[in-house]
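Written out below as structure tokens is the structure these notes cover.
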Amino acid sequence: MRKLLILFLLAIPGFAAAQYQPLNVKTGQWQTTVLINSGGSIALSSRQMAQLTPEQRARMEAAMKQASKPKTTTRVNQNCLTQDELNKGTPFKSDDRQCTQKVLNSTSTELKVEQDCVEDSMSTKTVMRLEAVNSEQVKGTGTVTAVSEGHKFSSDINFSSQWISSACGAKNKTGALPPGLKSKLSALGAPKDHSSDPK
């Protein structure tokens with residue numbers, strides 16, 4: 001994840017300007033702490049499973065069973081928010097043509113967005129709400145639900161972002177959320193814990 005969580009959800013391209021209003025927050029270096037509670041059932045599509053050898057299928061089934069176990073993960077991320085990014089907003093994923101997005105509410109203090117994705121037999125819905133408590137603090141919640149051939153996997157997300165300084169560090173730290181949050185069950189099911197990463 002290259003962008004701070006608040007950047008990741010600031011706006012969706014293709015919406016009228018009146019539908020999106022940047023959050024009233026400072027630019028510069030931000031740190032985000034994310035708590036993810038996830039669990040459910042993960043499965044590849046029948047088409048994908050049919051392409052595997054018996055040995056590969058057995059390994060995949062074991063991996064999916066392990067990834068489906070309930071877990072709580074804490075992530076810490078630092079990244080830089082520029083004025084241009086704040087004004088223009090940052091999409092969920094600009095090259096993701098299998099997803100549709102909707103801004104449910106957008107003010108200078110609150111942003112609520114929804115995204116629906118379909119990939120093979122898997123459908124994924126993401127709903128995120130961000131609140132600018134003040135210009136130096138953002139908090140939020142979200143849900144990610146993925147359904148594929150009767151299997152359902154979900155993640156509940158809580159996070160807080162704190163402004164650190166107007167000057168950005170030379171090297172950003174990643175790990176706030178796994179990549180492909182919208183449609184990749186593997187990222188939802190088996191994230192790496194970065195809670196002990198150096199600040």
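Scheme for the structure tokens: letters A, B, ... for chains in order shown; per-chain residue numbers from 1; ligand numbers from 1 in order shown.
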Which residues of stretch 6-120 of chain A come within 8 Å of stretch 125-142 of chain A, and for each one, what is the closest pair of atoms and their distance in Å to one decimal, counting only C-alpha atoms, sorted by chain and residue number, as JSON lines?
{"residue": "A:Ile6", "atom": "CA", "partner": "A:Leu130", "partner_atom": "CA", "distance": 7.6}
{"residue": "A:Leu9", "atom": "CA", "partner": "A:Met128", "partner_atom": "CA", "distance": 7.7}
{"residue": "A:Leu23", "atom": "CA", "partner": "A:Ala132", "partner_atom": "CA", "distance": 6.6}
{"residue": "A:Asn24", "atom": "CA", "partner": "A:Ser135", "partner_atom": "CA", "distance": 5.8}
{"residue": "A:Val25", "atom": "CA", "partner": "A:Ser135", "partner_atom": "CA", "distance": 4.0}
{"residue": "A:Lys26", "atom": "CA", "partner": "A:Ser135", "partner_atom": "CA", "distance": 5.5}
{"residue": "A:Ser108", "atom": "CA", "partner": "A:Ala132", "partner_atom": "CA", "distance": 7.7}
{"residue": "A:Thr109", "atom": "CA", "partner": "A:Ala132", "partner_atom": "CA", "distance": 4.7}
{"residue": "A:Glu110", "atom": "CA", "partner": "A:Glu131", "partner_atom": "CA", "distance": 4.5}
{"residue": "A:Leu111", "atom": "CA", "partner": "A:Leu130", "partner_atom": "CA", "distance": 5.1}
{"residue": "A:Lys112", "atom": "CA", "partner": "A:Arg129", "partner_atom": "CA", "distance": 4.3}
{"residue": "A:Val113", "atom": "CA", "partner": "A:Met128", "partner_atom": "CA", "distance": 5.5}
{"residue": "A:Glu114", "atom": "CA", "partner": "A:Val127", "partner_atom": "CA", "distance": 4.5}
{"residue": "A:Gln115", "atom": "CA", "partner": "A:Thr126", "partner_atom": "CA", "distance": 5.1}
{"residue": "A:Asp116", "atom": "CA", "partner": "A:Lys125", "partner_atom": "CA", "distance": 4.6}
{"residue": "A:Cys117", "atom": "CA", "partner": "A:Lys125", "partner_atom": "CA", "distance": 6.5}
| message | Need the shell around stretch 34-48 of chain A: protein/DNA/RNA residues with any atom at most 7 Å away, counting only C-alpha atoms. Skip same-chain ones fewer than 6 positions apart. Format as a PyMOL selection string? | response | chain A and resi 64+68-76+121+148-149+151-160+176+185+189
For the selection you just gave me, I'd like the residues written to a file as a PDB file, in the first residue's frame, keeping N, CA and C atoms.
ATOM      1  N   MET A  64      -6.230 -22.006   2.258  1.00  0.00           N
ATOM      2  CA  MET A  64      -7.468 -21.255   2.407  1.00  0.00           C
ATOM      3  C   MET A  64      -8.122 -21.535   3.758  1.00  0.00           C
ATOM      4  N   SER A  68      -8.753 -18.668   6.596  1.00  0.00           N
ATOM      5  CA  SER A  68     -10.131 -18.391   6.979  1.00  0.00           C
ATOM      6  C   SER A  68     -10.324 -18.269   8.486  1.00  0.00           C
ATOM      7  N   LYS A  69      -9.336 -18.655   9.274  1.00  0.00           N
ATOM      8  CA  LYS A  69      -9.479 -18.594  10.723  1.00  0.00           C
ATOM      9  C   LYS A  69      -9.602 -17.140  11.185  1.00  0.00           C
ATOM     10  N   PRO A  70     -10.476 -16.861  12.157  1.00  0.00           N
ATOM     11  CA  PRO A  70     -10.616 -15.487  12.669  1.00  0.00           C
ATOM     12  C   PRO A  70      -9.288 -14.971  13.189  1.00  0.00           C
ATOM     13  N   LYS A  71      -9.010 -13.721  12.915  1.00  0.00           N
ATOM     14  CA  LYS A  71      -7.754 -13.144  13.388  1.00  0.00           C
ATOM     15  C   LYS A  71      -7.906 -11.639  13.553  1.00  0.00           C
ATOM     16  N   THR A  72      -7.074 -11.079  14.408  1.00  0.00           N
ATOM     17  CA  THR A  72      -7.002  -9.631  14.594  1.00  0.00           C
ATOM     18  C   THR A  72      -5.595  -9.184  14.256  1.00  0.00           C
ATOM     19  N   THR A  73      -5.489  -8.199  13.409  1.00  0.00           N
ATOM     20  CA  THR A  73      -4.192  -7.707  12.955  1.00  0.00           C
ATOM     21  C   THR A  73      -4.102  -6.203  13.162  1.00  0.00           C
ATOM     22  N   THR A  74      -2.951  -5.757  13.642  1.00  0.00           N
ATOM     23  CA  THR A  74      -2.698  -4.331  13.804  1.00  0.00           C
ATOM     24  C   THR A  74      -1.624  -3.900  12.819  1.00  0.00           C
ATOM     25  N   ARG A  75      -1.877  -2.833  12.111  1.00  0.00           N
ATOM     26  CA  ARG A  75      -0.921  -2.302  11.148  1.00  0.00           C
ATOM     27  C   ARG A  75      -0.599  -0.843  11.476  1.00  0.00           C
ATOM     28  N   VAL A  76       0.642  -0.448  11.209  1.00  0.00           N
ATOM     29  CA  VAL A  76       1.052   0.951  11.367  1.00  0.00           C
ATOM     30  C   VAL A  76       1.684   1.412  10.061  1.00  0.00           C
ATOM     31  N   SER A 121     -15.925 -15.307 -10.076  1.00  0.00           N
ATOM     32  CA  SER A 121     -17.159 -15.593  -9.342  1.00  0.00           C
ATOM     33  C   SER A 121     -17.219 -14.851  -8.011  1.00  0.00           C
ATOM     34  N   SER A 148     -18.013 -15.656  -2.657  1.00  0.00           N
ATOM     35  CA  SER A 148     -17.656 -16.435  -3.838  1.00  0.00           C
ATOM     36  C   SER A 148     -18.224 -17.845  -3.708  1.00  0.00           C
ATOM     37  N   GLU A 149     -19.168 -18.191  -4.556  1.00  0.00           N
ATOM     38  CA  GLU A 149     -19.741 -19.530  -4.631  1.00  0.00           C
ATOM     39  C   GLU A 149     -20.139 -20.071  -3.259  1.00  0.00           C
ATOM     40  N   HIS A 151     -19.213 -19.011  -0.334  1.00  0.00           N
ATOM     41  CA  HIS A 151     -18.237 -18.708   0.707  1.00  0.00           C
ATOM     42  C   HIS A 151     -18.248 -17.201   0.978  1.00  0.00           C
ATOM     43  N   LYS A 152     -18.129 -16.849   2.243  1.00  0.00           N
ATOM     44  CA  LYS A 152     -18.159 -15.436   2.623  1.00  0.00           C
ATOM     45  C   LYS A 152     -17.014 -15.133   3.578  1.00  0.00           C
ATOM     46  N   PHE A 153     -16.289 -14.063   3.275  1.00  0.00           N
ATOM     47  CA  PHE A 153     -15.182 -13.621   4.128  1.00  0.00           C
ATOM     48  C   PHE A 153     -15.342 -12.126   4.382  1.00  0.00           C
ATOM     49  N   SER A 154     -15.151 -11.700   5.609  1.00  0.00           N
ATOM     50  CA  SER A 154     -15.355 -10.286   5.926  1.00  0.00           C
ATOM     51  C   SER A 154     -14.260  -9.755   6.841  1.00  0.00           C
ATOM     52  N   SER A 155     -14.053  -8.458   6.758  1.00  0.00           N
ATOM     53  CA  SER A 155     -13.101  -7.757   7.612  1.00  0.00           C
ATOM     54  C   SER A 155     -13.754  -6.502   8.162  1.00  0.00           C
ATOM     55  N   ASP A 156     -13.626  -6.294   9.461  1.00  0.00           N
ATOM     56  CA  ASP A 156     -14.051  -5.054  10.102  1.00  0.00           C
ATOM     57  C   ASP A 156     -12.806  -4.238  10.405  1.00  0.00           C
ATOM     58  N   ILE A 157     -12.814  -2.968  10.004  1.00  0.00           N
ATOM     59  CA  ILE A 157     -11.621  -2.128  10.089  1.00  0.00           C
ATOM     60  C   ILE A 157     -11.888  -0.912  10.964  1.00  0.00           C
ATOM     61  N   ASN A 158     -10.974  -0.654  11.876  1.00  0.00           N
ATOM     62  CA  ASN A 158     -10.986   0.575  12.667  1.00  0.00           C
ATOM     63  C   ASN A 158      -9.604   1.204  12.567  1.00  0.00           C
ATOM     64  N   PHE A 159      -9.532   2.511  12.361  1.00  0.00           N
ATOM     65  CA  PHE A 159      -8.222   3.133  12.236  1.00  0.00           C
ATOM     66  C   PHE A 159      -8.231   4.557  12.770  1.00  0.00           C
ATOM     67  N   SER A 160      -7.047   5.031  13.062  1.00  0.00           N
ATOM     68  CA  SER A 160      -6.854   6.429  13.447  1.00  0.00           C
ATOM     69  C   SER A 160      -5.583   6.927  12.782  1.00  0.00           C
ATOM     70  N   ALA A 176      -0.225  -0.195   6.083  1.00  0.00           N
ATOM     71  CA  ALA A 176      -1.477   0.162   6.746  1.00  0.00           C
ATOM     72  C   ALA A 176      -2.562  -0.859   6.447  1.00  0.00           C
ATOM     73  N   LEU A 185      -8.994 -11.734  -1.639  1.00  0.00           N
ATOM     74  CA  LEU A 185      -9.265 -12.386  -0.366  1.00  0.00           C
ATOM     75  C   LEU A 185      -7.982 -12.806   0.349  1.00  0.00           C
ATOM     76  N   GLY A 189      -7.261 -12.194   4.161  1.00  0.00           N
ATOM     77  CA  GLY A 189      -7.222 -13.330   5.061  1.00  0.00           C
ATOM     78  C   GLY A 189      -5.913 -13.557   5.759  1.00  0.00           C
TER      79      GLY A 189
END
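Proximity of A:Asn105, A:Gln66, A:Asn77, A:Gln51 to A:Ser161, computed with only C-alpha atoms, is greatest for A:Asn77.
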Need to verify the contact set: stretch 81-88 of chain A, 7 Å, only C-alpha atoms, exclusion of same-chain residues closer than 2 positions in sequence. Can you return it as a PDB file with N, CA and C atoms, in the first residue's frame?
ATOM      1  N   PRO A  22     -12.764  17.859  -0.194  1.00  0.00           N
ATOM      2  CA  PRO A  22     -11.601  17.374   0.561  1.00  0.00           C
ATOM      3  C   PRO A  22     -11.800  17.535   2.062  1.00  0.00           C
ATOM      4  N   THR A  27      -1.542  19.024   5.432  1.00  0.00           N
ATOM      5  CA  THR A  27      -0.670  18.238   4.568  1.00  0.00           C
ATOM      6  C   THR A  27       0.622  17.947   5.316  1.00  0.00           C
ATOM      7  N   GLY A  28       1.367  16.975   4.794  1.00  0.00           N
ATOM      8  CA  GLY A  28       2.622  16.603   5.435  1.00  0.00           C
ATOM      9  C   GLY A  28       2.638  15.127   5.805  1.00  0.00           C
ATOM     10  N   GLN A  29       3.448  14.788   6.793  1.00  0.00           N
ATOM     11  CA  GLN A  29       3.619  13.397   7.201  1.00  0.00           C
ATOM     12  C   GLN A  29       2.517  12.981   8.178  1.00  0.00           C
ATOM     13  N   ASN A  79       2.933   7.950   5.773  1.00  0.00           N
ATOM     14  CA  ASN A  79       3.034   8.399   4.398  1.00  0.00           C
ATOM     15  C   ASN A  79       2.819   9.896   4.329  1.00  0.00           C
ATOM     16  N   THR A  90      -7.621  10.662  -4.061  1.00  0.00           N
ATOM     17  CA  THR A  90      -6.920   9.477  -4.534  1.00  0.00           C
ATOM     18  C   THR A  90      -7.921   8.340  -4.703  1.00  0.00           C
TER      19      THR A  90
END
| message | Report, in Å to a single decimal, how far apart atom CA of A:Tyr20 and atom CA of A:Thr107 are. | response |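 These atoms are spaced 7.4 Å apart.
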| query | Just how far from atom CA of A:Gly150 is atom CA of A:Ala62, in Å to one decimal? | reply | 18.1 Å
| Could you state the separation of atom CA of A:Cys99 and atom CA of A:Trp30 in Å, given to one decimal place? |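 Atom CA of A:Trp30 lies 27.7 Å from atom CA of A:Cys99.
Considering the residues A:Val103, A:Ala67, A:Cys80, A:Ala58 and counting only C-alpha atoms, A:Gln31 has its shortest atom-to-atom contact with A:Cys80.
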